[in-house]
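Visitor: You'll find model_26.csv just under this line, and it carries CSV, C-alpha atoms.
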chain,number,residue,atom,x,y,z
O,1475,MET,CA,37.7,-27.8,-3.7
O,1476,LYS,CA,38.2,-24.3,-2.3
O,1477,SER,CA,35.0,-23.0,-3.9
O,1478,TRP,CA,33.0,-25.8,-2.3
O,1479,ILE,CA,34.5,-25.0,1.1
O,1480,THR,CA,33.7,-21.3,0.6
O,1481,LEU,CA,30.1,-22.2,-0.3
O,1482,LEU,CA,29.6,-24.4,2.7
O,1483,LEU,CA,31.0,-21.7,5.0
O,1484,LEU,CA,28.6,-19.1,3.5
O,1485,LEU,CA,25.6,-21.5,3.9
O,1486,ALA,CA,26.6,-22.1,7.5
O,1487,ALA,CA,26.9,-18.4,8.2
O,1488,THR,CA,23.5,-17.9,6.6
O,1489,SER,CA,22.0,-20.7,8.7
O,1490,GLN,CA,23.4,-19.2,11.9
O,1491,THR,CA,22.0,-15.7,11.1
O,1492,TYR,CA,18.6,-17.3,10.3
O,1493,ALA,CA,18.6,-19.2,13.6
O,1494,ALA,CA,19.6,-16.1,15.5
O,1495,LEU,CA,16.5,-14.3,14.3
O,1496,GLU,CA,14.1,-16.0,16.7
O,1497,ASN,CA,11.0,-14.2,15.5
O,1498,THR,CA,11.3,-15.8,12.0
O,1499,THR,CA,9.8,-19.0,13.4
O,1500,CYS,CA,7.1,-17.2,15.3
O,1501,LYS,CA,6.1,-15.3,12.2
O,1502,SER,CA,5.2,-18.4,10.2
O,1503,CYS,CA,2.4,-19.3,12.5
O,1504,HIS,CA,1.5,-16.0,14.1
O,1505,PRO,CA,1.6,-13.4,11.3
O,1506,VAL,CA,-1.0,-11.1,12.9
O,1507,ILE,CA,0.8,-11.0,16.2
O,1508,PHE,CA,4.1,-10.6,14.5
O,1509,GLU,CA,2.8,-7.5,12.7
O,1510,GLU,CA,1.6,-6.1,16.0
O,1511,TYR,CA,5.0,-6.8,17.5
O,1512,GLN,CA,6.7,-4.8,14.8
O,1513,LYS,CA,4.9,-1.7,16.1
O,1514,SER,CA,5.7,-2.3,19.7
O,1515,ALA,CA,8.4,-0.8,21.9
O,1516,HIS,CA,10.0,-4.2,22.3
O,1517,SER,CA,10.9,-4.3,18.6
O,1518,LYS,CA,12.6,-0.9,18.8
O,1519,SER,CA,14.4,-1.0,22.1
O,1520,SER,CA,18.0,-0.9,20.9
O,1521,ILE,CA,20.1,2.2,20.3
O,1522,TYR,CA,19.7,1.6,16.5
O,1523,LYS,CA,15.9,2.1,16.7
O,1524,ASP,CA,15.3,4.1,19.9
O,1525,ALA,CA,16.5,7.7,19.6
O,1526,VAL,CA,16.2,8.3,23.4
O,1527,HIS,CA,18.2,5.2,24.4
O,1528,LYS,CA,20.9,6.1,21.8
O,1529,ALA,CA,21.1,9.7,23.0
O,1530,VAL,CA,21.5,8.6,26.6
O,1531,TRP,CA,24.0,5.9,25.8
O,1532,ASP,CA,26.1,8.2,23.6
O,1533,ARG,CA,26.7,10.3,26.8
O,1534,HIS,CA,27.2,7.4,29.2
O,1535,PRO,CA,30.8,7.0,30.4
O,1536,ALA,CA,30.6,3.2,29.9
O,1537,LYS,CA,30.4,3.8,26.1
O,1538,ALA,CA,34.0,4.8,25.8
O,1539,LYS,CA,35.0,1.5,27.4
O,1540,GLY,CA,32.6,-0.4,25.1
O,1541,ASP,CA,30.9,-1.8,28.2
O,1542,TYR,CA,27.2,-1.9,27.2
O,1543,THR,CA,25.4,-2.7,30.5
O,1544,CYS,CA,21.8,-2.2,29.2
O,1545,ALA,CA,21.5,-5.5,27.2
O,1546,LYS,CA,19.6,-7.5,29.8
O,1547,CYS,CA,16.5,-5.4,29.2
O,1548,HIS,CA,17.1,-3.5,26.0
O,1549,THR,CA,18.7,-6.2,23.8
O,1550,PRO,CA,18.4,-9.6,25.6
O,1551,SER,CA,17.9,-11.4,22.3
O,1552,ASP,CA,21.4,-10.6,21.1
O,1553,HIS,CA,22.9,-13.6,22.9
O,1554,ASP,CA,26.5,-12.8,21.9
O,1555,VAL,CA,26.3,-9.4,23.6
O,1556,MET,CA,24.5,-10.9,26.6
O,1557,SER,CA,27.2,-13.6,27.0
O,1558,GLY,CA,30.1,-11.1,26.5
O,1559,LYS,CA,31.2,-13.0,23.3
O,1560,SER,CA,30.9,-9.8,21.3
O,1561,LYS,CA,30.5,-6.1,21.9
O,1562,LEU,CA,27.4,-4.1,21.0
O,1563,ALA,CA,27.2,-3.7,17.2
O,1564,ASP,CA,24.7,-2.9,14.5
O,1565,ASN,CA,23.2,-6.1,13.3
O,1566,GLU,CA,19.8,-7.5,12.2
O,1567,ILE,CA,18.9,-8.7,15.7
O,1568,GLN,CA,19.5,-5.2,17.1
O,1569,ARG,CA,17.3,-3.6,14.4
O,1570,THR,CA,14.5,-6.1,14.2
O,1571,GLU,CA,14.1,-8.1,17.4
O,1572,PRO,CA,16.2,-6.8,20.3
O,1573,ILE,CA,13.6,-8.2,22.6
O,1574,SER,CA,12.1,-11.1,20.7
O,1575,CYS,CA,8.8,-12.9,21.3
O,1576,GLN,CA,10.6,-15.9,22.8
O,1577,GLN,CA,12.5,-13.7,25.2
O,1578,CYS,CA,9.4,-12.7,27.1
O,1579,HIS,CA,7.6,-16.0,26.7
O,1580,LYS,CA,10.5,-17.9,28.3
O,1581,ILE,CA,10.6,-16.0,31.6
O,1582,GLU,CA,10.0,-18.7,34.2
O,1583,SER,CA,10.4,-16.4,37.2
O,1584,VAL,CA,11.8,-13.0,38.3
O,1585,GLU,CA,14.5,-12.7,41.0
O,1586,LYS,CA,14.0,-9.6,43.1
O,1587,HIS,CA,17.0,-7.6,43.9
O,1588,THR,CA,17.6,-4.1,45.4
O,1589,LYS,CA,19.5,-2.7,42.4
O,1590,ALA,CA,17.4,-4.3,39.6
O,1591,ASN,CA,15.4,-7.4,39.2
O,1592,LYS,CA,16.6,-10.3,37.0
O,1593,ASN,CA,14.7,-12.5,34.6
O,1594,ILE,CA,15.2,-16.2,35.0
O,1595,LEU,CA,14.5,-18.1,31.7
O,1596,THR,CA,13.3,-21.6,31.5
O,1597,THR,CA,15.8,-24.3,30.6
O,1598,LYS,CA,13.1,-26.6,29.4
O,1599,PRO,CA,13.4,-27.1,25.6
O,1600,LYS,CA,10.5,-25.9,23.4
O,1601,THR,CA,8.6,-24.5,26.4
O,1602,PHE,CA,6.9,-21.1,26.3
O,1603,PHE,CA,4.7,-19.6,29.0
O,1604,SER,CA,1.4,-17.7,28.3
O,1605,ALA,CA,-1.9,-16.7,29.9
O,1606,ASP,CA,-5.4,-18.0,29.1
O,1607,LYS,CA,-7.9,-18.1,32.0
O,1608,ALA,CA,-9.8,-20.9,30.3
O,1609,LEU,CA,-6.6,-23.0,30.2
O,1610,LYS,CA,-5.0,-21.8,33.4
O,1611,GLY,CA,-3.0,-24.6,35.1
O,1612,THR,CA,-2.6,-26.7,32.0
O,1613,LYS,CA,0.2,-27.4,29.6
O,1614,VAL,CA,-0.5,-27.9,25.9
O,1615,GLU,CA,1.9,-30.3,24.2
O,1616,PHE,CA,2.0,-31.3,20.5
O,1617,LYS,CA,0.2,-34.5,19.8
O,1618,GLU,CA,-0.5,-36.3,16.5
O,1619,GLU,CA,-3.0,-39.1,16.6
O,1620,SER,CA,-4.2,-41.4,13.8
O,1621,SER,CA,-7.5,-43.2,13.5
O,1622,PHE,CA,-9.5,-45.2,10.9
O,1623,PHE,CA,-6.3,-47.2,10.1
O,1624,GLY,CA,-4.3,-44.1,9.6
O,1625,MET,CA,-6.8,-42.4,7.2
O,1626,LEU,CA,-7.6,-39.6,9.7
O,1627,THR,CA,-5.0,-37.6,11.6
O,1628,THR,CA,-5.7,-35.1,14.3
O,1629,LYS,CA,-3.2,-32.7,15.8
O,1630,THR,CA,-3.2,-30.7,19.0
O,1631,GLY,CA,-0.8,-28.1,20.1
O,1632,SER,CA,2.1,-26.7,18.2
O,1633,PRO,CA,4.9,-28.7,16.6
O,1634,TYR,CA,7.3,-25.9,17.4
O,1635,HIS,CA,6.7,-25.5,21.1
O,1636,ASP,CA,4.7,-26.5,24.2
O,1637,ILE,CA,2.6,-23.9,26.0
O,1638,ASP,CA,2.5,-23.8,29.7
O,1639,TYR,CA,-0.5,-21.9,31.1
O,1640,SER,CA,0.3,-22.5,34.8
O,1641,ASN,CA,2.8,-19.7,35.4
O,1642,GLU,CA,1.1,-17.2,37.7
O,1643,GLY,CA,3.5,-14.4,36.6
O,1644,TYR,CA,1.7,-14.2,33.2
O,1645,TYR,CA,-1.6,-13.5,34.9
O,1646,ASN,CA,-0.6,-11.0,37.6
O,1647,GLY,CA,2.1,-9.2,35.6
O,1648,ASP,CA,5.1,-10.4,37.7
O,1649,SER,CA,6.8,-11.6,34.5
O,1650,CYS,CA,7.2,-8.0,33.4
O,1651,MET,CA,8.9,-6.9,36.6
O,1652,GLY,CA,12.3,-8.2,35.6
O,1653,CYS,CA,12.8,-5.1,33.5
O,1654,HIS,CA,9.9,-2.8,34.4
O,1655,SER,CA,10.0,-2.5,38.2
O,1656,HIS,CA,12.9,-0.3,39.3
O,1657,LYS,CA,16.6,0.5,38.8
O,1658,GLN,CA,19.4,1.8,40.9
O,1659,ASN,CA,22.5,3.5,39.6
O,1660,SER,CA,26.1,2.7,40.8
O,1661,LYS,CA,25.6,5.2,43.7
O,1662,GLY,CA,22.7,3.1,45.0
O,1663,PHE,CA,20.2,5.8,44.1
O,1664,VAL,CA,16.8,4.7,42.6
O,1665,VAL,CA,16.7,6.4,39.2
O,1666,CYS,CA,13.3,4.8,38.3
O,1667,ASP,CA,10.6,3.0,40.2
O,1668,LEU,CA,7.1,2.2,39.0
O,1669,GLU,CA,6.0,1.9,42.7
O,1670,VAL,CA,3.4,-0.7,41.9
O,1671,LYS,CA,0.5,-0.7,44.3
O,1672,GLN,CA,-2.2,-3.3,43.7
O,1673,GLY,CA,-4.7,-2.1,46.2
O,1674,ASP,CA,-8.2,-3.5,45.4
O,1675,SER,CA,-7.5,-3.2,41.6
O,1676,LYS,CA,-7.9,-6.3,39.5
O,1677,GLU,CA,-5.7,-4.8,36.8
O,1678,SER,CA,-2.1,-5.8,36.0
O,1679,CYS,CA,0.6,-5.2,33.4
O,1680,VAL,CA,-1.0,-7.9,31.3
O,1681,SER,CA,-4.6,-6.8,31.4
O,1682,CYS,CA,-3.7,-3.2,30.5
O,1683,HIS,CA,-0.8,-3.5,28.1
O,1684,LEU,CA,-1.7,-6.9,26.6
O,1685,PRO,CA,-5.5,-6.7,26.3
O,1686,GLN,CA,-7.5,-9.2,24.4
O,1687,VAL,CA,-8.5,-8.0,20.9
O,1688,GLN,CA,-10.4,-9.5,18.0
O,1689,GLY,CA,-8.3,-11.7,15.7
O,1690,SER,CA,-7.0,-15.2,15.3
O,1691,LEU,CA,-4.2,-16.4,17.6
O,1692,ALA,CA,-2.5,-18.5,14.9
O,1693,ASN,CA,-3.0,-19.3,11.2
O,1694,GLN,CA,-3.6,-23.0,11.8
O,1695,LYS,CA,-6.1,-22.5,14.6
O,1696,GLU,CA,-9.4,-20.7,14.8
O,1697,SER,CA,-9.8,-18.3,17.7
O,1698,ALA,CA,-11.9,-15.2,18.3
O,1699,THR,CA,-9.2,-13.2,20.2
O,1700,HIS,CA,-5.6,-12.9,21.1
O,1701,ALA,CA,-3.4,-10.8,23.3
O,1702,PHE,CA,-2.5,-7.5,21.5
O,1703,HIS,CA,1.3,-7.5,21.3
O,1704,GLY,CA,1.6,-4.0,19.8
O,1705,GLN,CA,0.4,-2.2,22.8
O,1706,SER,CA,2.6,0.6,24.0
O,1707,ILE,CA,2.0,3.9,25.7
O,1708,HIS,CA,4.2,5.4,23.0
O,1709,ASN,CA,2.7,4.1,19.8
O,1710,ASN,CA,-0.5,5.0,17.9
O,1711,THR,CA,-2.9,3.3,20.3
O,1712,PRO,CA,-3.0,5.4,23.5
O,1713,ALA,CA,-6.8,5.1,23.5
O,1714,LEU,CA,-6.5,1.5,24.7
O,1715,LEU,CA,-4.8,2.9,27.9
O,1716,SER,CA,-6.7,6.1,28.3
O,1717,LYS,CA,-9.6,4.3,30.0
O,1718,TYR,CA,-7.4,4.0,33.1
O,1719,ILE,CA,-7.3,7.8,33.5
O,1720,LYS,CA,-10.5,9.4,34.6
O,1721,LEU,CA,-11.0,13.2,34.2
O,1722,SER,CA,-13.7,15.1,36.1
O,1723,LEU,CA,-14.6,18.8,36.8
O,1724,ASP,CA,-16.2,20.5,39.8
O,1725,LYS,CA,-17.4,24.0,39.5
O,1726,SER,CA,-17.3,26.5,42.4
O,1727,ALA,CA,-18.2,30.1,43.0
O,1728,ASN,CA,-14.5,31.1,42.8
O,1729,GLY,CA,-13.4,28.9,39.9
O,1730,PHE,CA,-13.3,25.2,39.3
O,1731,ASN,CA,-11.3,22.1,40.0
O,1732,VAL,CA,-10.1,19.4,37.6
O,1733,SER,CA,-9.4,16.0,39.1
O,1734,ILE,CA,-7.2,13.2,37.5
O,1735,LYS,CA,-7.9,9.8,38.8
O,1736,ASN,CA,-5.1,7.3,38.1
O,1737,GLU,CA,-6.7,3.8,38.0
O,1738,ALA,CA,-3.4,2.2,37.0
O,1739,THR,CA,-1.5,0.3,39.6
O,1740,HIS,CA,1.7,2.1,39.1
O,1741,THR,CA,3.1,5.7,39.1
O,1742,LEU,CA,2.4,7.6,35.9
O,1743,PHE,CA,5.6,8.4,33.9
O,1744,PRO,CA,8.2,7.9,36.7
O,1745,GLN,CA,11.1,7.6,34.2
O,1746,PRO,CA,13.7,10.5,34.5
O,1747,LEU,CA,13.1,12.0,31.1
O,1748,ARG,CA,9.3,11.9,31.0
O,1749,LEU,CA,7.1,15.0,31.4
O,1750,ASN,CA,3.3,14.6,32.1
O,1751,GLN,CA,1.0,17.6,31.7
O,1752,LEU,CA,-2.6,18.7,32.2
O,1753,ARG,CA,-3.7,21.3,29.7
O,1754,VAL,CA,-6.9,23.2,30.2
O,1755,SER,CA,-8.7,25.7,28.0
O,1756,ILE,CA,-12.0,27.5,28.0
O,1757,GLU,CA,-14.1,28.0,24.8
O,1758,ARG,CA,-16.1,31.2,25.3
O,1759,ASP,CA,-17.9,33.4,22.7
O,1760,GLY,CA,-16.0,31.9,19.8
O,1761,LYS,CA,-12.6,32.4,21.5
O,1762,ILE,CA,-10.2,30.0,23.2
O,1763,ILE,CA,-8.7,31.0,26.6
O,1764,GLU,CA,-5.7,28.9,27.4
O,1765,LEU,CA,-5.1,28.4,31.2
O,1766,LYS,CA,-2.0,27.5,33.0
O,1767,THR,CA,-0.4,24.2,32.2
O,1768,GLU,CA,0.2,21.9,35.1
O,1769,SER,CA,3.2,19.6,34.9
O,1770,PHE,CA,3.9,16.4,36.7
O,1771,ALA,CA,7.4,14.8,36.8
O,1772,ARG,CA,10.0,13.1,38.9
O,1773,VAL,CA,13.2,15.1,38.6
O,1774,ILE,CA,16.5,13.5,39.8
O,1775,GLY,CA,19.9,15.0,40.0
O,1776,THR,CA,22.9,16.1,42.1
O,1777,ASP,CA,23.8,19.2,44.0
O,1778,GLY,CA,20.3,20.5,43.7
O,1779,LYS,CA,20.3,20.4,39.9
O,1780,ALA,CA,18.9,17.9,37.3
O,1781,SER,CA,21.5,15.5,36.0
O,1782,MET,CA,21.9,12.3,33.9
O,1783,PRO,CA,20.7,9.2,35.7
O,1784,TRP,CA,24.1,7.7,36.4
O,1785,LEU,CA,25.2,10.9,38.2
O,1786,ALA,CA,22.0,11.4,40.3
O,1787,ASP,CA,22.0,10.9,44.0
O,1788,ALA,CA,18.8,12.7,45.0
O,1789,ILE,CA,15.3,13.6,44.0
O,1790,ILE,CA,15.1,17.3,43.1
O,1791,SER,CA,11.3,17.3,42.9
O,1792,ASP,CA,8.6,14.7,42.5
O,1793,THR,CA,5.1,15.7,41.4
O,1794,SER,CA,4.3,12.5,39.6
O,1795,ILE,CA,0.9,11.0,40.1
O,1796,LYS,CA,1.1,7.8,42.1
O,1797,ALA,CA,-0.7,4.5,41.7
O,1798,LEU,CA,-4.5,4.7,42.3
O,1799,GLU,CA,-4.1,8.4,43.3
O,1800,THR,CA,-6.6,11.2,42.5
O,1801,ARG,CA,-4.8,14.5,41.9
O,1802,THR,CA,-6.8,17.7,41.9
O,1803,VAL,CA,-5.8,21.0,40.3
O,1804,ASN,CA,-7.4,24.3,41.2
O,1805,TYR,CA,-8.2,27.1,38.7
O,1806,ALA,CA,-9.2,30.5,39.9
O,1807,ASP,CA,-11.2,31.2,36.7
O,1808,VAL,CA,-14.9,31.8,37.1
O,1809,LEU,CA,-16.9,29.8,34.5
O,1810,LYS,CA,-19.9,31.3,32.7
O,1811,GLU,CA,-23.0,29.6,31.4
O,1812,GLY,CA,-22.3,28.5,27.8
O,1813,ASP,CA,-18.6,27.9,28.4
O,1814,THR,CA,-17.0,24.7,27.3
O,1815,VAL,CA,-13.9,23.5,29.3
O,1816,VAL,CA,-11.5,21.4,27.3
O,1817,VAL,CA,-9.2,19.2,29.4
O,1818,LYS,CA,-6.3,17.3,27.9
O,1819,PHE,CA,-4.0,15.0,29.8
O,1820,GLY,CA,-0.9,13.8,28.1
O,1821,TYR,CA,2.9,13.6,28.1
O,1822,TYR,CA,6.2,14.0,26.4
O,1823,VAL,CA,8.4,10.9,26.0
O,1824,VAL,CA,11.3,13.3,26.6
O,1825,ASN,CA,10.9,16.6,28.4
O,1826,PRO,CA,11.5,19.3,25.7
O,1827,GLU,CA,14.3,20.9,27.7
O,1828,ALA,CA,16.0,17.6,28.1
O,1829,ALA,CA,15.5,16.7,24.4
O,1830,LYS,CA,17.2,19.9,23.4
O,1831,GLU,CA,20.1,19.2,25.8
O,1832,LEU,CA,20.4,15.6,24.4
O,1833,GLU,CA,20.0,16.9,20.8
O,1834,ILE,CA,17.0,14.6,20.2
O,1835,THR,CA,15.0,15.7,17.2
O,1836,ASP,CA,12.8,12.7,16.6
O,1837,LYS,CA,9.2,14.0,16.6
O,1838,SER,CA,7.8,10.8,17.9
O,1839,VAL,CA,9.4,11.5,21.2
O,1840,THR,CA,9.5,15.3,21.3
O,1841,GLU,CA,5.9,16.1,20.5
O,1842,PHE,CA,3.1,16.3,23.1
O,1843,VAL,CA,0.9,13.1,23.1
O,1844,VAL,CA,-2.6,13.4,24.3
O,1845,LEU,CA,-3.4,10.3,26.4
O,1846,THR,CA,-7.0,11.3,27.1
O,1847,LYS,CA,-9.2,14.4,26.8
O,1848,LYS,CA,-12.7,15.5,27.8
O,1849,ARG,CA,-15.0,18.4,27.1
O,1850,PHE,CA,-17.2,19.8,29.9
O,1851,SER,CA,-20.2,22.0,28.9
O,1852,ILE,CA,-21.2,24.5,31.5
Would it be possible to restate this file's structure as structure tokens?
Guide:
Amino acid sequence: MKSWITLLLLLAATSQTYAALENTTCKSCHPVIFEEYQKSAHSKSSIYKDAVHKAVWDRHPAKAKGDYTCAKCHTPSDHDVMSGKSKLADNEIQRTEPISCQQCHKIESVEKHTKANKNILTTKPKTFFSADKALKGTKVEFKEESSFFGMLTTKTGSPYHDIDYSNEGYYNGDSCMGCHSHKQNSKGFVVCDLEVKQGDSKESCVSCHLPQVQGSLANQKESATHAFHGQSIHNNTPALLSKYIKLSLDKSANGFNVSIKNEATHTLFPQPLRLNQLRVSIERDGKIIELKTESFARVIGTDGKASMPWLADAIISDTSIKALETRTVNYADVLKEGDTVVVKFGYYVVNPEAAKELEITDKSVTEFVVLTKKRFSI
């Protein structure tokens, strides 16, 4: 009898683990999107997959108390941690889907707050939100109809969930602003702010970071395109975002100017640890002349020195490029006919000096990433 009870308990535990892995269901119908998700920042946002988040958390005073306060954005799919039922711990959710597909597709609205915004999830069962301009304003529900005396059956929608295409937040990017807008520390100081400025731009978080690409949406439905769910500024597809940065060069008698036009509707790399750089060189007579490197960053700290985000109470310096801004850098180097000017614009996920201080050695975040580059023949 005891052996049967033990077996039932094991089966129940297995069933609960399986149910907790929300993406398992998604994968069965959306294998292509699931593979893209695996390469995204959302699949690697926990301290067990994100070297930067871990390094910062290891130094946070709340760690000693076991008070993990980053879950609402970094690991919202670990519902036991979110509810306070359990403390942060290494598990399959943390390693494979800390921010699951369902977590983002269930955001009904975003509450705006001074300290940080809050995602409000729908309470409607089996309801997910998505964007499709052709279906905007509609809701697709699962239906199964029979005809010819039951000999022919037609199905529409998904048996797993309904899809609501009427939520404006999935068209204008507001659904992303629960976690990607701004954050204050306990001192009331803003440690990070995207400073979104729409202006006349028609772009949004969705159009830039979730662009339409070739490929079927689901394996039981033919479609030409789907939203690319692996897009991240920090993975192997920066080219998809580079089109929003325009580089130009103007030659003068005393040198030349390089202009960076930011067509994104937010500040570039406003996060405390990021370092954005413009690197320029001249190819002349078979030689390469490296010119000064121009850095752009928002440095926060206290007492006039850079510090960890929870200690900061002031902006030490801010040279970051704002939304829809054009920044021009002057070079007092006279160009000659036959020269080629090579301009590279990129970033470090973590400023090399900060990486050394935080003992971060992961090359994916400590090496310079070229976001876009251009060659100008003189």
Visitor: So which residues touch O:Thr1570 within 8 Å, counting only C-alpha atoms, skipping near sequence neighbours fewer than 5 positions away, as a list in words?
Guide: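 Using only C-alpha atoms, the neighbours found are Gln1512, Ser1517 and Lys1518 of chain O.
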Visitor: Rounded to one decimal, what separation in Å do you get between atom CA of O:His1587 and atom CA of O:His1656?
Guide: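 Rounded to one decimal, the two atoms are 9.6 Å apart.
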Visitor: Which residue out of O:Thr1776, O:Ser1733, O:Thr1628, O:Gln1576 has the minimum interatomic distance to O:Phe1819 when only C-alpha atoms are used?
Guide: O:Ser1733
Visitor: Find the residue from O:Ile1790, O:Ser1514, O:Thr1630, O:Lys1561 that sits nearest to O:Ser1574; use only C-alpha atoms when measuring.
Guide: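 Of O:Ile1790, O:Ser1514, O:Thr1630, O:Lys1561, the one nearest O:Ser1574, counting only C-alpha atoms, is O:Ser1514.
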Visitor: Would you work out the distance separating atom CA of O:Ala1713 from atom CA of O:Val1844, expressed in Å to one decimal?
Guide: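 Going from atom CA of O:Ala1713 over to atom CA of O:Val1844 covers 9.3 Å.
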Visitor: Restricting the calculation to only C-alpha atoms: of O:Lys1539, O:His1740, O:Lys1810, O:Lys1589, which residue gets closest to O:Asp1759?
Guide: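 The answer is O:Lys1810, which sits nearest to O:Asp1759.
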Visitor: Find the residue from O:Ile1521, O:Met1651, O:Val1754, O:Cys1575 that sits nearest to O:Phe1508; use only C-alpha atoms when measuring.
Guide: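 Between O:Ile1521, O:Met1651, O:Val1754, O:Cys1575, the residue approaching O:Phe1508 most closely is O:Cys1575.
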Visitor: Tell me, as a list in words, which residues lie within 12 Å of O:Ala1608, counting only C-alpha atoms; anything in the same chain fewer than 4 positions away does not count.
Guide: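 So, after excluding close chain neighbours, the residues are Ser1604, Thr1612, Lys1613, Tyr1639, Ser1640 and Tyr1645 of chain O.
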Visitor: Which one is closest to O:Lys1592: O:Ala1525, O:Val1530, O:Leu1609, O:Cys1650? Count all atoms listed in the file.
Guide: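 Closest to O:Lys1592 of all the choices is O:Cys1650.
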Visitor: Work out how far atom CA of O:Cys1679 is from atom CA of O:Leu1595, in Å to one decimal.
Guide: 19.0 Å
Visitor: With a distance cut-off of 7 Å and all atoms listed in the file, select the neighbouring residues of O:Tyr1821, excluding the residue or stretch itself and same-chain residues fewer than 2 positions from it, and output the selection as a list in words.
Guide: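 The residues satisfying every condition are Leu1749, Asn1750, Gln1751, Val1823, Phe1842, Val1843 and Val1844 of chain O.
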Visitor: Around the point (2.7, -9.4, 36.7) in the file's coordinates, collect all residues with an atom within 12 Å, using only C-alpha atoms, and return them as a ChimeraX atom specification.
Guide: /O:1581,1583-1584,1604-1605,1641-1655,1670-1672,1676-1684,1739-1740
Visitor: I'd like the contact shell of O:Lys1600 - 7 Å cut-off, all atoms listed in the file, skipping same-chain residues fewer than 2 positions apart - returned as a PyMOL selection string.
Guide: chain O and resi 1598+1602+1634-1636
Visitor: From the options O:Arg1849, O:Arg1753, O:His1553, O:Lys1717, which residue's atoms come nearest to O:Ala1738, counting only C-alpha atoms?
Guide: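 Checking each candidate against O:Ala1738, we get O:Lys1717 as the closest.
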Visitor: Is there a way to complete stretch 1661-1673 of chain O with N, CA, C and O atoms and then write that out as a PDB file, keeping the file's coordinate frame?
Guide:
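The resulting part_20.pdb:
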ATOM      1  N   LYS O1661      25.502   4.482  42.386  1.00  0.00           N
ATOM      2  CA  LYS O1661      25.600   5.200  43.700  1.00  0.00           C
ATOM      3  C   LYS O1661      24.515   4.607  44.656  1.00  0.00           C
ATOM      4  O   LYS O1661      24.403   5.085  45.792  1.00  0.00           O
ATOM      5  N   GLY O1662      23.739   3.636  44.190  1.00  0.00           N
ATOM      6  CA  GLY O1662      22.700   3.100  45.000  1.00  0.00           C
ATOM      7  C   GLY O1662      21.444   3.925  45.080  1.00  0.00           C
ATOM      8  O   GLY O1662      20.563   3.710  45.921  1.00  0.00           O
ATOM      9  N   PHE O1663      21.350   4.889  44.153  1.00  0.00           N
ATOM     10  CA  PHE O1663      20.200   5.800  44.100  1.00  0.00           C
ATOM     11  C   PHE O1663      19.164   5.205  43.105  1.00  0.00           C
ATOM     12  O   PHE O1663      19.524   4.786  41.997  1.00  0.00           O
ATOM     13  N   VAL O1664      17.902   5.209  43.473  1.00  0.00           N
ATOM     14  CA  VAL O1664      16.800   4.700  42.600  1.00  0.00           C
ATOM     15  C   VAL O1664      16.507   5.735  41.536  1.00  0.00           C
ATOM     16  O   VAL O1664      15.924   6.775  41.836  1.00  0.00           O
ATOM     17  N   VAL O1665      16.899   5.457  40.307  1.00  0.00           N
ATOM     18  CA  VAL O1665      16.700   6.400  39.200  1.00  0.00           C
ATOM     19  C   VAL O1665      15.254   6.266  38.639  1.00  0.00           C
ATOM     20  O   VAL O1665      14.716   7.193  38.026  1.00  0.00           O
ATOM     21  N   CYS O1666      14.654   5.084  38.821  1.00  0.00           N
ATOM     22  CA  CYS O1666      13.300   4.800  38.300  1.00  0.00           C
ATOM     23  C   CYS O1666      12.616   3.766  39.113  1.00  0.00           C
ATOM     24  O   CYS O1666      13.240   2.769  39.470  1.00  0.00           O
ATOM     25  N   ASP O1667      11.340   3.992  39.424  1.00  0.00           N
ATOM     26  CA  ASP O1667      10.600   3.000  40.200  1.00  0.00           C
ATOM     27  C   ASP O1667       9.099   3.177  39.863  1.00  0.00           C
ATOM     28  O   ASP O1667       8.534   4.249  40.069  1.00  0.00           O
ATOM     29  N   LEU O1668       8.481   2.126  39.348  1.00  0.00           N
ATOM     30  CA  LEU O1668       7.100   2.200  39.000  1.00  0.00           C
ATOM     31  C   LEU O1668       6.188   2.252  40.273  1.00  0.00           C
ATOM     32  O   LEU O1668       5.030   2.642  40.207  1.00  0.00           O
ATOM     33  N   GLU O1669       6.750   1.867  41.412  1.00  0.00           N
ATOM     34  CA  GLU O1669       6.000   1.900  42.700  1.00  0.00           C
ATOM     35  C   GLU O1669       4.648   1.241  42.558  1.00  0.00           C
ATOM     36  O   GLU O1669       3.616   1.845  42.847  1.00  0.00           O
ATOM     37  N   VAL O1670       4.666   0.003  42.106  1.00  0.00           N
ATOM     38  CA  VAL O1670       3.400  -0.700  41.900  1.00  0.00           C
ATOM     39  C   VAL O1670       2.658  -0.886  43.207  1.00  0.00           C
ATOM     40  O   VAL O1670       3.218  -1.258  44.234  1.00  0.00           O
ATOM     41  N   LYS O1671       1.382  -0.588  43.152  1.00  0.00           N
ATOM     42  CA  LYS O1671       0.500  -0.700  44.300  1.00  0.00           C
ATOM     43  C   LYS O1671      -0.804  -1.315  43.843  1.00  0.00           C
ATOM     44  O   LYS O1671      -1.600  -0.673  43.179  1.00  0.00           O
ATOM     45  N   GLN O1672      -1.006  -2.567  44.203  1.00  0.00           N
ATOM     46  CA  GLN O1672      -2.200  -3.300  43.700  1.00  0.00           C
ATOM     47  C   GLN O1672      -3.476  -2.818  44.276  1.00  0.00           C
ATOM     48  O   GLN O1672      -4.464  -2.656  43.577  1.00  0.00           O
ATOM     49  N   GLY O1673      -3.489  -2.584  45.587  1.00  0.00           N
ATOM     50  CA  GLY O1673      -4.700  -2.100  46.200  1.00  0.00           C
ATOM     51  C   GLY O1673      -5.855  -3.120  45.956  1.00  0.00           C
ATOM     52  O   GLY O1673      -5.671  -4.341  45.978  1.00  0.00           O
TER      53      GLY O1673
END
